[in-house]
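First up is the structure itself, then whatever we jot down about it.
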2 protein chains.
Amino acid sequence: MAQDVARPSLSDALTERVLELIRSGGLRPGDRLPSARELSERFAVTTPTLREALRRLEATGAVQMRHGSGIYVGADLERVVIPNPNFRELQSDQLLQLLDARLLIEPPVAAMAARRADPSDLATLRTVLDQAGCHLDGADAELDKANMSFHRATAKAAGNEVLSEVIDSLLSVHAAEQREILRIFDDRARDHDEHRAILGAIEAGDAERAEELMRSHLLDVKSVIEARLA
Amino acid sequence: MAQDVARPSLSDALTERVLELIRSGGLRPGDRLPSARELSERFAVTTPTLREALRRLEATGAVQMRHGSGIYVGADLERVVIPNPNFRELQSDQLLQLLDARLLIEPPVAAMAARRADPSDLATLRTVLDQAGCHLDGADAELDKANMSFHRATAKAAGNEVLSEVIDSLLSVHAAEQREILRIFDDRARDHDEHRAILGAIEAGDAERAEELMRSHLLDVKSVIEARLA
């Protein structure tokens, strides 16, 4: 039975063939793949075997299976780095390491954003902060989402897709804990003001100040967390 | 048929239950899970359905299925960030972005390593470089592996697991291209000497110098790549 379940070569090969089909067909995220029946026939495998391969690809964002609709190329296919989809619970020491990782990466990325954000990046950043402003008195989850969007949009504006994926991955895992941070980061208005100040420095093209403000913002968050864990 | 293949709730729920079984049982990477038959019975699902869930978990390193042996907890279960297992081919612009990402992250991480490497970290770094030294006239793949090990071991010595995972992810995707870099990074001895110099700074606890040497090392690599792409 264990041997039957392991069967590494068939499933690996099939996963590889689906990826080849996507790549050789020049399919992009959002494009539709042939139906499961067509794929089973094309690769001469049973539906359960095909499903195994598709589930592997789905787990990592390479395909998306929409209930009752079909199989699509996933948004994460071409990413270099992804958040671990099995990750569940951040331990205290991991939370501090995650903040330290963000402290190392995000300030110089904010500086890059200040150097090269174009008008469309700036418009996105303004919209994101305006939305966060609307949620200041609202539900934690909404405000949290808007705040994380600011960090993601800053990374996008820096123009390095790989760094953007790294930051996205760190924020994705962070998501559940961010609501906790938000609850204990007592002054929601202060958080928002710090984001506004970072945007101001990016708008002014002041790389040094953007870097410094992002660093002190994340240090603020970290000191609140440390005080709570102590 | 599409509806049948999608079935999101059952497979998602089953994946979740396998993860719960691992966590509630306090199982660690390398520990053996019950057999496929036992798992199917426990969760009251068929073997193909169970296999789907296991394949999802295998794709992301949460479990490992060893042919003819059984199912084990995978090494990557608790990671925050993982390399995209579906990633295949680095385009030129992505290669440069990847090097820029490494240039932003690895130098300050080398400084952290200089500040806090313990005797066991230093012993590992020395061993890794001695091994690379033995492969200087050998096969590309072996030398490449030893060189990547130096960057991984430096990240480990810095003591931040999340940053170490980020760097490991960047190097994993990089692996195929690193052999290409190695072929065009004409002087193997220079590469090795630069690694030795970085280790010297880490051994001396000189954070500033370790950072500077790691930066100039990666800039050397980048300039070779840029020259070749131009």
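Each chain of the structure tokens is named A, B, ... in the order shown, its residues numbered from 1; ligands are numbered from 1 in display order.
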
I want to know what sits within 9 Å of Arg115 (chain B), based on only C-alpha atoms, with residues of the same chain fewer than 4 positions away left out; could you give that as a PDB file with N, CA and C atoms, in the first residue's frame?
ATOM      1  N   ALA B 110      25.589  38.785   6.242  1.00  0.00           N
ATOM      2  CA  ALA B 110      26.989  38.432   6.532  1.00  0.00           C
ATOM      3  C   ALA B 110      27.487  39.216   7.752  1.00  0.00           C
ATOM      4  N   ALA B 111      27.039  40.489   7.848  1.00  0.00           N
ATOM      5  CA  ALA B 111      27.410  41.291   9.027  1.00  0.00           C
ATOM      6  C   ALA B 111      26.827  40.668  10.301  1.00  0.00           C
ATOM      7  N   ALA B 158      23.973  33.598  10.820  1.00  0.00           N
ATOM      8  CA  ALA B 158      23.397  34.891  11.213  1.00  0.00           C
ATOM      9  C   ALA B 158      22.294  34.722  12.260  1.00  0.00           C
ATOM     10  N   ILE B 202      34.240  37.145   9.085  1.00  0.00           N
ATOM     11  CA  ILE B 202      33.288  36.578  10.054  1.00  0.00           C
ATOM     12  C   ILE B 202      34.045  36.020  11.259  1.00  0.00           C
ATOM     13  N   GLY B 205      35.058  38.566  13.566  1.00  0.00           N
ATOM     14  CA  GLY B 205      33.944  39.302  14.168  1.00  0.00           C
ATOM     15  C   GLY B 205      33.819  40.709  13.606  1.00  0.00           C
ATOM     16  N   ASP B 206      34.350  40.920  12.397  1.00  0.00           N
ATOM     17  CA  ASP B 206      34.343  42.257  11.786  1.00  0.00           C
ATOM     18  C   ASP B 206      33.111  42.390  10.872  1.00  0.00           C
ATOM     19  N   ALA B 207      32.007  42.873  11.463  1.00  0.00           N
ATOM     20  CA  ALA B 207      30.721  42.913  10.759  1.00  0.00           C
ATOM     21  C   ALA B 207      30.779  43.811   9.527  1.00  0.00           C
TER      22      ALA B 207
END

| query | What are the residues of chain A that have an atom within 8 Å of an atom of chain B, counting only C-alpha atoms, as a ChimeraX atom specification? | reply | /A:1-3,5-8,19,35-37,47-49,51-53,55-60,62,65-71,77-87,94,97-98,100-101,104-105,108,160-163,166,169-170,173

| said: What parts of region 84-169 of chain A does DSSP call alpha helix (DSSP H)? I'd like the answer as number ranges by chain. | reply: A: 92-116, 119-134, 140-157, 161-169

| message | as number ranges by chain, please: every residue in region 62-152 of chain B that DSSP puts in strand (DSSP E or B). | response | B: 63-66, 70-73, 81-83

Save out the residues we just selected, C-alpha atoms, as a PDB file, in the first residue's frame.
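Dumped to result.pdb:
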ATOM      1  CA  VAL B  63       5.505  15.463   3.947  1.00  0.00           C
ATOM      2  CA  GLN B  64       7.900  13.160   2.173  1.00  0.00           C
ATOM      3  CA  MET B  65       6.721   9.950   0.510  1.00  0.00           C
ATOM      4  CA  ARG B  66       9.519   7.418   0.276  1.00  0.00           C
ATOM      5  CA  GLY B  70       6.258   5.126   3.970  1.00  0.00           C
ATOM      6  CA  ILE B  71       5.194   8.660   4.659  1.00  0.00           C
ATOM      7  CA  TYR B  72       7.336  10.995   6.729  1.00  0.00           C
ATOM      8  CA  VAL B  73       7.081  14.556   8.046  1.00  0.00           C
ATOM      9  CA  VAL B  81       8.981  30.974   2.937  1.00  0.00           C
ATOM     10  CA  ILE B  82       9.754  28.293   0.342  1.00  0.00           C
ATOM     11  CA  PRO B  83      11.164  28.302  -3.190  1.00  0.00           C
TER      12      PRO B  83
END

| task | Would you mind reading off the distance between CA of Ala155 (chain A) and CA of Glu106 (chain A), one decimal, in Å? | result |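 Computed distance, CA of Ala155 (chain A) to CA of Glu106 (chain A), equals 7.6 Å.
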
| said: Using only C-alpha atoms for the distances, tell me which of A:Ala227, A:Ala141, A:Cys134, A:Leu213 is nearest to Ala201 (chain A). | reply: A:Leu213

| query | By how many Å are CA of Leu219 (chain B) and CA of Met112 (chain A) apart? | reply |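 CA of Met112 (chain A) lies 17.4 Å from CA of Leu219 (chain B).
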
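Counting only C-alpha atoms and comparing A:Glu212, A:Glu203, A:Glu142, A:Asp137, the residue that lies closest to Pro119 (chain A) is A:Glu203.
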
| request: Skip Met214 (chain A) itself and residues of its chain fewer than 2 positions away, then list as a PyMOL selection string all residues within 8 Å of it, counting only C-alpha atoms. | output: chain A and resi 106-107+110+198+210-212+216-218

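The spacing separating CA of Leu199 (chain B) from CA of Leu122 (chain B) amounts to 8.1 Å.
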
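Minimum atom-to-atom distances from A:Gln91, A:Ser24, A:Ser223, A:Thr154 to Asp121 (chain A) were compared using only C-alpha atoms, and the lowest value belongs to A:Thr154.
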
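Comparing the minimum interatomic distances between Ala117 (chain A) and each of A:Ala146, A:Ala157, A:Leu136, A:Ala189, counting only C-alpha atoms, we find that A:Ala157 sits nearest.
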